[in-house]
file upload.pdb (PDB, C-alpha atoms and all ligand atoms)
MODEL        1
ATOM      1  CA  MET A 185     -19.645 -13.559  34.913  1.00  0.00           C
ATOM      2  CA  THR A 186     -22.640 -15.858  34.996  1.00  0.00           C
ATOM      3  CA  ILE A 187     -21.624 -18.877  37.057  1.00  0.00           C
ATOM      4  CA  PHE A 188     -23.610 -22.070  37.629  1.00  0.00           C
ATOM      5  CA  VAL A 189     -22.797 -24.180  40.686  1.00  0.00           C
ATOM      6  CA  ASP A 190     -23.858 -27.787  41.236  1.00  0.00           C
ATOM      7  CA  MET A 191     -24.975 -28.958  44.690  1.00  0.00           C
ATOM      8  CA  ASP A 192     -24.285 -32.680  45.203  1.00  0.00           C
ATOM      9  CA  ASP A 193     -20.600 -33.278  45.961  1.00  0.00           C
ATOM     10  CA  VAL A 194     -19.795 -29.633  45.205  1.00  0.00           C
ATOM     11  CA  LEU A 195     -21.720 -27.699  47.871  1.00  0.00           C
ATOM     12  CA  ALA A 196     -23.123 -30.637  49.828  1.00  0.00           C
ATOM     13  CA  ASP A 197     -21.376 -33.853  50.858  1.00  0.00           C
ATOM     14  CA  THR A 198     -23.562 -36.447  49.171  1.00  0.00           C
ATOM     15  CA  TYR A 199     -20.756 -39.005  48.959  1.00  0.00           C
ATOM     16  CA  GLY A 200     -20.205 -38.708  52.710  1.00  0.00           C
ATOM     17  CA  LYS A 201     -23.910 -39.253  53.378  1.00  0.00           C
ATOM     18  CA  HIS A 202     -23.803 -42.479  51.351  1.00  0.00           C
ATOM     19  CA  ILE A 203     -20.932 -43.684  53.516  1.00  0.00           C
ATOM     20  CA  GLU A 204     -22.718 -42.681  56.737  1.00  0.00           C
ATOM     21  CA  LEU A 205     -25.926 -44.523  55.744  1.00  0.00           C
ATOM     22  CA  TYR A 206     -23.980 -47.529  54.485  1.00  0.00           C
ATOM     23  CA  ASN A 207     -22.135 -47.824  57.798  1.00  0.00           C
ATOM     24  CA  LYS A 208     -25.426 -47.690  59.718  1.00  0.00           C
ATOM     25  CA  GLU A 209     -27.245 -50.141  57.463  1.00  0.00           C
ATOM     26  CA  HIS A 210     -24.494 -52.736  57.383  1.00  0.00           C
ATOM     27  CA  GLN A 211     -22.658 -52.081  60.670  1.00  0.00           C
ATOM     28  CA  GLN A 212     -19.471 -51.066  58.871  1.00  0.00           C
ATOM     29  CA  GLU A 213     -16.787 -48.479  59.615  1.00  0.00           C
ATOM     30  CA  LEU A 214     -15.943 -47.385  56.116  1.00  0.00           C
ATOM     31  CA  ASN A 215     -14.097 -44.048  55.946  1.00  0.00           C
ATOM     32  CA  ILE A 216     -13.712 -41.681  52.989  1.00  0.00           C
ATOM     33  CA  ASN A 217      -9.921 -41.942  53.390  1.00  0.00           C
ATOM     34  CA  GLN A 218     -10.138 -45.642  52.506  1.00  0.00           C
ATOM     35  CA  ILE A 219     -11.701 -44.833  49.136  1.00  0.00           C
ATOM     36  CA  SER A 220      -9.393 -43.857  46.297  1.00  0.00           C
ATOM     37  CA  SER A 221     -11.712 -43.989  43.303  1.00  0.00           C
ATOM     38  CA  GLY A 222     -15.123 -44.917  41.984  1.00  0.00           C
ATOM     39  CA  GLU A 223     -18.732 -44.427  42.954  1.00  0.00           C
ATOM     40  CA  MET A 224     -19.463 -45.121  46.597  1.00  0.00           C
ATOM     41  CA  TRP A 225     -21.351 -48.313  45.717  1.00  0.00           C
ATOM     42  CA  GLN A 226     -18.348 -49.585  43.755  1.00  0.00           C
ATOM     43  CA  ASN A 227     -16.348 -49.613  46.981  1.00  0.00           C
ATOM     44  CA  VAL A 228     -18.547 -52.085  48.846  1.00  0.00           C
ATOM     45  CA  PRO A 229     -19.395 -55.774  48.396  1.00  0.00           C
ATOM     46  CA  GLU A 230     -21.829 -56.501  45.579  1.00  0.00           C
ATOM     47  CA  GLU A 231     -24.586 -57.656  47.943  1.00  0.00           C
ATOM     48  CA  HIS A 232     -24.735 -54.099  49.341  1.00  0.00           C
ATOM     49  CA  HIS A 233     -24.953 -52.262  46.007  1.00  0.00           C
ATOM     50  CA  LEU A 234     -28.732 -52.152  45.889  1.00  0.00           C
ATOM     51  CA  SER A 235     -29.120 -50.558  49.329  1.00  0.00           C
ATOM     52  CA  ILE A 236     -26.754 -47.741  48.317  1.00  0.00           C
ATOM     53  CA  ARG A 237     -28.577 -47.159  45.054  1.00  0.00           C
ATOM     54  CA  GLN A 238     -31.779 -46.717  47.064  1.00  0.00           C
ATOM     55  CA  HIS A 239     -30.358 -44.082  49.456  1.00  0.00           C
ATOM     56  CA  ALA A 240     -31.375 -41.145  47.281  1.00  0.00           C
ATOM     57  CA  LEU A 241     -34.980 -42.331  47.320  1.00  0.00           C
ATOM     58  CA  GLN A 242     -35.163 -42.123  51.118  1.00  0.00           C
ATOM     59  CA  PRO A 243     -37.108 -39.088  52.387  1.00  0.00           C
ATOM     60  CA  GLY A 244     -34.631 -36.678  53.977  1.00  0.00           C
ATOM     61  CA  PHE A 245     -31.569 -37.924  52.109  1.00  0.00           C
ATOM     62  CA  PHE A 246     -30.818 -34.512  50.556  1.00  0.00           C
ATOM     63  CA  ARG A 247     -32.020 -32.418  53.505  1.00  0.00           C
ATOM     64  CA  ASP A 248     -29.243 -32.895  56.063  1.00  0.00           C
ATOM     65  CA  LEU A 249     -26.119 -33.224  53.914  1.00  0.00           C
ATOM     66  CA  GLU A 250     -23.014 -31.618  55.411  1.00  0.00           C
ATOM     67  CA  PRO A 251     -21.824 -28.509  53.574  1.00  0.00           C
ATOM     68  CA  ILE A 252     -18.493 -29.035  51.799  1.00  0.00           C
ATOM     69  CA  LYS A 253     -15.623 -27.277  53.598  1.00  0.00           C
ATOM     70  CA  ASP A 254     -15.430 -23.516  52.854  1.00  0.00           C
ATOM     71  CA  ALA A 255     -18.345 -23.722  50.390  1.00  0.00           C
ATOM     72  CA  ILE A 256     -20.595 -21.350  52.353  1.00  0.00           C
ATOM     73  CA  PRO A 257     -18.268 -18.339  52.810  1.00  0.00           C
ATOM     74  CA  VAL A 258     -16.780 -18.652  49.326  1.00  0.00           C
ATOM     75  CA  MET A 259     -20.224 -18.937  47.752  1.00  0.00           C
ATOM     76  CA  GLU A 260     -21.368 -15.826  49.597  1.00  0.00           C
ATOM     77  CA  ALA A 261     -18.343 -13.876  48.329  1.00  0.00           C
ATOM     78  CA  LEU A 262     -18.824 -15.236  44.802  1.00  0.00           C
ATOM     79  CA  TYR A 263     -22.505 -14.345  44.942  1.00  0.00           C
ATOM     80  CA  ASN A 264     -21.647 -10.750  45.823  1.00  0.00           C
ATOM     81  CA  LYS A 265     -19.144 -10.460  42.982  1.00  0.00           C
ATOM     82  CA  HIS A 266     -20.642 -12.488  40.109  1.00  0.00           C
ATOM     83  CA  ASP A 267     -24.039 -13.551  38.811  1.00  0.00           C
ATOM     84  CA  VAL A 268     -24.191 -16.912  40.573  1.00  0.00           C
ATOM     85  CA  TYR A 269     -26.884 -19.570  40.122  1.00  0.00           C
ATOM     86  CA  ILE A 270     -27.375 -22.936  41.748  1.00  0.00           C
ATOM     87  CA  ALA A 271     -27.781 -25.543  39.005  1.00  0.00           C
ATOM     88  CA  THR A 272     -28.779 -28.867  40.474  1.00  0.00           C
ATOM     89  CA  ALA A 273     -30.492 -31.918  39.047  1.00  0.00           C
ATOM     90  CA  ALA A 274     -33.676 -32.112  41.078  1.00  0.00           C
ATOM     91  CA  THR A 275     -36.037 -34.039  38.863  1.00  0.00           C
ATOM     92  CA  GLN A 276     -34.113 -37.326  39.014  1.00  0.00           C
ATOM     93  CA  PHE A 277     -35.237 -38.064  42.573  1.00  0.00           C
ATOM     94  CA  PRO A 278     -38.770 -36.928  43.443  1.00  0.00           C
ATOM     95  CA  ASN A 279     -37.999 -35.962  47.042  1.00  0.00           C
ATOM     96  CA  SER A 280     -34.923 -33.924  46.253  1.00  0.00           C
ATOM     97  CA  LEU A 281     -36.383 -30.626  45.002  1.00  0.00           C
ATOM     98  CA  ILE A 282     -38.035 -29.507  48.233  1.00  0.00           C
ATOM     99  CA  GLU A 283     -35.157 -30.876  50.316  1.00  0.00           C
ATOM    100  CA  LYS A 284     -32.595 -28.992  48.238  1.00  0.00           C
ATOM    101  CA  SER A 285     -34.633 -25.776  48.559  1.00  0.00           C
ATOM    102  CA  GLU A 286     -34.737 -26.229  52.333  1.00  0.00           C
ATOM    103  CA  TRP A 287     -31.010 -27.030  52.472  1.00  0.00           C
ATOM    104  CA  LEU A 288     -30.200 -23.823  50.589  1.00  0.00           C
ATOM    105  CA  ALA A 289     -32.517 -21.779  52.823  1.00  0.00           C
ATOM    106  CA  GLU A 290     -30.692 -23.132  55.888  1.00  0.00           C
ATOM    107  CA  HIS A 291     -27.075 -22.974  54.721  1.00  0.00           C
ATOM    108  CA  MET A 292     -27.047 -20.311  51.984  1.00  0.00           C
ATOM    109  CA  PRO A 293     -30.003 -18.014  52.696  1.00  0.00           C
ATOM    110  CA  PHE A 294     -28.377 -15.247  50.625  1.00  0.00           C
ATOM    111  CA  ILE A 295     -29.233 -17.172  47.426  1.00  0.00           C
ATOM    112  CA  THR A 296     -32.647 -15.978  46.290  1.00  0.00           C
ATOM    113  CA  TRP A 297     -35.145 -18.336  44.658  1.00  0.00           C
ATOM    114  CA  GLN A 298     -34.520 -16.627  41.314  1.00  0.00           C
ATOM    115  CA  HIS A 299     -30.942 -17.936  41.494  1.00  0.00           C
ATOM    116  CA  GLN A 300     -31.903 -21.563  42.142  1.00  0.00           C
ATOM    117  CA  ILE A 301     -32.234 -23.633  38.983  1.00  0.00           C
ATOM    118  CA  MET A 302     -33.627 -27.046  39.889  1.00  0.00           C
ATOM    119  CA  CYS A 303     -33.241 -28.834  36.596  1.00  0.00           C
ATOM    120  CA  GLY A 304     -32.704 -31.960  34.539  1.00  0.00           C
ATOM    121  CA  ASP A 305     -30.028 -31.753  31.838  1.00  0.00           C
ATOM    122  CA  LYS A 306     -27.563 -28.899  32.334  1.00  0.00           C
ATOM    123  CA  PHE A 307     -26.352 -28.449  28.742  1.00  0.00           C
ATOM    124  CA  ILE A 308     -29.353 -26.160  28.275  1.00  0.00           C
ATOM    125  CA  LEU A 309     -27.762 -23.599  30.615  1.00  0.00           C
ATOM    126  CA  ASN A 310     -26.215 -20.567  28.959  1.00  0.00           C
ATOM    127  CA  GLY A 311     -23.469 -18.792  30.895  1.00  0.00           C
ATOM    128  CA  ASP A 312     -19.738 -18.346  31.434  1.00  0.00           C
ATOM    129  CA  LEU A 313     -18.823 -21.109  33.875  1.00  0.00           C
ATOM    130  CA  LEU A 314     -20.224 -24.360  35.266  1.00  0.00           C
ATOM    131  CA  ILE A 315     -18.729 -25.895  38.419  1.00  0.00           C
ATOM    132  CA  ASP A 316     -19.738 -29.558  38.736  1.00  0.00           C
ATOM    133  CA  ASP A 317     -18.347 -32.932  39.808  1.00  0.00           C
ATOM    134  CA  ARG A 318     -19.880 -34.844  36.882  1.00  0.00           C
ATOM    135  CA  THR A 319     -18.154 -34.720  33.510  1.00  0.00           C
ATOM    136  CA  TYR A 320     -21.426 -35.654  31.805  1.00  0.00           C
ATOM    137  CA  ASN A 321     -22.731 -32.260  32.943  1.00  0.00           C
ATOM    138  CA  LEU A 322     -19.583 -30.382  31.896  1.00  0.00           C
ATOM    139  CA  LYS A 323     -18.889 -31.930  28.499  1.00  0.00           C
ATOM    140  CA  ASP A 324     -21.711 -30.222  26.574  1.00  0.00           C
ATOM    141  CA  PHE A 325     -21.679 -26.899  28.453  1.00  0.00           C
ATOM    142  CA  LYS A 326     -20.799 -24.053  26.078  1.00  0.00           C
ATOM    143  CA  GLY A 327     -18.810 -21.932  28.562  1.00  0.00           C
ATOM    144  CA  ASP A 328     -15.807 -22.704  30.764  1.00  0.00           C
ATOM    145  CA  THR A 329     -15.933 -25.543  33.252  1.00  0.00           C
ATOM    146  CA  LEU A 330     -14.358 -26.552  36.549  1.00  0.00           C
ATOM    147  CA  LEU A 331     -14.456 -30.195  37.617  1.00  0.00           C
ATOM    148  CA  PHE A 332     -14.766 -30.467  41.399  1.00  0.00           C
ATOM    149  CA  ASN A 333     -12.720 -33.423  42.624  1.00  0.00           C
ATOM    150  CA  SER A 334     -14.583 -36.475  43.889  1.00  0.00           C
ATOM    151  CA  PRO A 335     -13.523 -40.125  44.222  1.00  0.00           C
ATOM    152  CA  HIS A 336     -15.936 -40.986  41.431  1.00  0.00           C
ATOM    153  CA  ASN A 337     -14.198 -38.691  38.894  1.00  0.00           C
ATOM    154  CA  VAL A 338     -10.492 -39.293  39.629  1.00  0.00           C
ATOM    155  CA  ASN A 339     -10.032 -41.167  36.363  1.00  0.00           C
ATOM    156  CA  ASP A 340     -11.815 -38.581  34.190  1.00  0.00           C
ATOM    157  CA  THR A 341      -9.489 -36.541  32.006  1.00  0.00           C
ATOM    158  CA  GLY A 342      -9.695 -33.422  29.868  1.00  0.00           C
ATOM    159  CA  PHE A 343     -11.152 -30.993  32.404  1.00  0.00           C
ATOM    160  CA  THR A 344      -9.666 -28.269  34.587  1.00  0.00           C
ATOM    161  CA  ARG A 345      -9.969 -29.498  38.173  1.00  0.00           C
ATOM    162  CA  VAL A 346     -10.435 -27.900  41.558  1.00  0.00           C
ATOM    163  CA  ALA A 347     -10.023 -29.810  44.813  1.00  0.00           C
ATOM    164  CA  THR A 348     -11.356 -27.270  47.311  1.00  0.00           C
ATOM    165  CA  TRP A 349     -13.488 -24.144  47.624  1.00  0.00           C
ATOM    166  CA  GLU A 350     -10.307 -22.302  48.620  1.00  0.00           C
ATOM    167  CA  GLU A 351      -8.986 -23.005  45.131  1.00  0.00           C
ATOM    168  CA  ILE A 352     -12.217 -21.712  43.586  1.00  0.00           C
ATOM    169  CA  ALA A 353     -11.856 -18.539  45.662  1.00  0.00           C
ATOM    170  CA  LYS A 354      -8.333 -18.016  44.332  1.00  0.00           C
ATOM    171  CA  ILE A 355      -9.523 -18.363  40.734  1.00  0.00           C
ATOM    172  CA  LEU A 356     -12.748 -16.365  40.895  1.00  0.00           C
ATOM    173  CA  LEU A 357     -12.528 -13.819  43.717  1.00  0.00           C
TER     174      LEU A 357
HETATM  175 MG    MG A 401     -22.880 -33.127  41.699  1.00  0.00          MG
ENDMDL
END

call {"tool": "encode", "arguments": {"input": "upload.pdb", "output": "structure tokens"}}
result
Amino acid sequence: MTIFVDMDDVLADTYGKHIELYNKEHQQELNINQISSGEMWQNVPEEHHLSIRQHALQPGFFRDLEPIKDAIPVMEALYNKHDVYIATAATQFPNSLIEKSEWLAEHMPFITWQHQIMCGDKFILNGDLLIDDRTYNLKDFKGDTLLFNSPHNVNDTGFTRVATWEEIAKILL
């Protein structure tokens, strides 16, 4: 199988980084467990929206994201069994491409550069499966899809969901 795997909020905890920066910038103690749905910025007062929207423009934002639980070992096993490619939007934020390359080199060094697709739109990808947390990436993909749970997609319907990398391992390994 040819499998494409998204990075933000699938392999790397982007949502958690937004919360961490928000807490520092505004002296808050917001916790992921307090958030049931929506984008991170939708869970804070309106006067703080702009600062959250600017996080991704900060140098280093994508470099030190925490790996999602179990993502590293399951990805390594998947990589050894299937034809696995990273498929991550990297042209939206100018600093993200090099930072995502460095993140992969640190956390998933088994993924060669030939298997890292730093892209814009993902509908152009041609393969068997796309794992992503954004339905706008999944809806036009020609193969199968798995929607990785995130607070921002809890109200999206019509997609097969996975909540953890353990679940992905059970399906694909
Ligand atoms: Mg994502």

call {"tool": "closest_residue", "arguments": {"input": "upload.pdb", "among": "A:Phe246, A:Tyr269, A:Phe294, A:Trp225", "to": "Met185 in chain A", "atoms": "only C-alpha atoms"}}
result
A:Tyr269

call {"tool": "closest_residue", "arguments": {"input": "upload.pdb", "among": "A:Leu205, A:Ile219, A:Leu357, A:Ala271", "to": "Val338 in chain A", "atoms": "only C-alpha atoms"}}
result
A:Ile219

call {"tool": "residues_near_ligand", "arguments": {"input": "upload.pdb", "ligand": "ligand MG 401 (chain A)", "cutoff": "8 Å", "atoms": "only C-alpha atoms and all ligand atoms", "output": "mmCIF file with C-alpha atoms, in the coordinates of the input"}}
result
data_model
loop_
_atom_site.group_PDB
_atom_site.id
_atom_site.type_symbol
_atom_site.label_atom_id
_atom_site.label_comp_id
_atom_site.auth_asym_id
_atom_site.auth_seq_id
_atom_site.Cartn_x
_atom_site.Cartn_y
_atom_site.Cartn_z
ATOM 1 C CA ASP A 190 -23.858 -27.787 41.236
ATOM 2 C CA MET A 191 -24.975 -28.958 44.690
ATOM 3 C CA ASP A 192 -24.285 -32.680 45.203
ATOM 4 C CA ASP A 193 -20.600 -33.278 45.961
ATOM 5 C CA VAL A 194 -19.795 -29.633 45.205
ATOM 6 C CA THR A 272 -28.779 -28.867 40.474
ATOM 7 C CA ASP A 316 -19.738 -29.558 38.736
ATOM 8 C CA ASP A 317 -18.347 -32.932 39.808
ATOM 9 C CA ARG A 318 -19.880 -34.844 36.882
#

call {"tool": "resolve_selection", "arguments": {"input": "upload.pdb", "expression": "the PyMOL selection byres (((chain A and resi 326) around 8) and not hetatm)", "output": "PDB file with C-alpha atoms, keeping the file's coordinate frame"}}
result
ATOM      1  CA  PHE A 307     -26.352 -28.449  28.742  1.00  0.00           C
ATOM      2  CA  ASN A 310     -26.215 -20.567  28.959  1.00  0.00           C
ATOM      3  CA  GLY A 311     -23.469 -18.792  30.895  1.00  0.00           C
ATOM      4  CA  ASP A 312     -19.738 -18.346  31.434  1.00  0.00           C
ATOM      5  CA  ASP A 324     -21.711 -30.222  26.574  1.00  0.00           C
ATOM      6  CA  PHE A 325     -21.679 -26.899  28.453  1.00  0.00           C
ATOM      7  CA  GLY A 327     -18.810 -21.932  28.562  1.00  0.00           C
ATOM      8  CA  ASP A 328     -15.807 -22.704  30.764  1.00  0.00           C
TER       9      ASP A 328
END

call {"tool": "residues_near_point", "arguments": {"input": "upload.pdb", "point": "(-36.8, -37.1, 43.6)", "cutoff": "12 Å", "atoms": "all atoms listed in the file", "output": "PyMOL selection string"}}
result
chain A and resi 238-247+272-284+302-304

call {"tool": "axis_aligned_box", "arguments": {"input": "upload.pdb", "around": "range 325-334 of chain A", "padding_each_side": "6 Å", "output": "AutoDock Vina command-line options"}}
result
--center_x -17.2 --center_y -29.2 --center_z 35.0 --size_x 21.0 --size_y 26.5 --size_z 29.8

call {"tool": "residues_around", "arguments": {"input": "upload.pdb", "residues": "Gly200 in chain A", "least_positions_apart": "2", "cutoff": "10 Å", "atoms": "only C-alpha atoms", "output": "JSON, numbers by chain"}}
result
{"A": [193, 196, 197, 198, 202, 203, 204, 205, 206, 215, 216, 224, 249, 250, 252]}

call {"tool": "closest_residue", "arguments": {"input": "upload.pdb", "among": "A:Asn217, A:Asn264, A:Ser235, A:Ser334", "to": "Thr319 in chain A", "atoms": "all atoms listed in the file"}}
result
A:Ser334
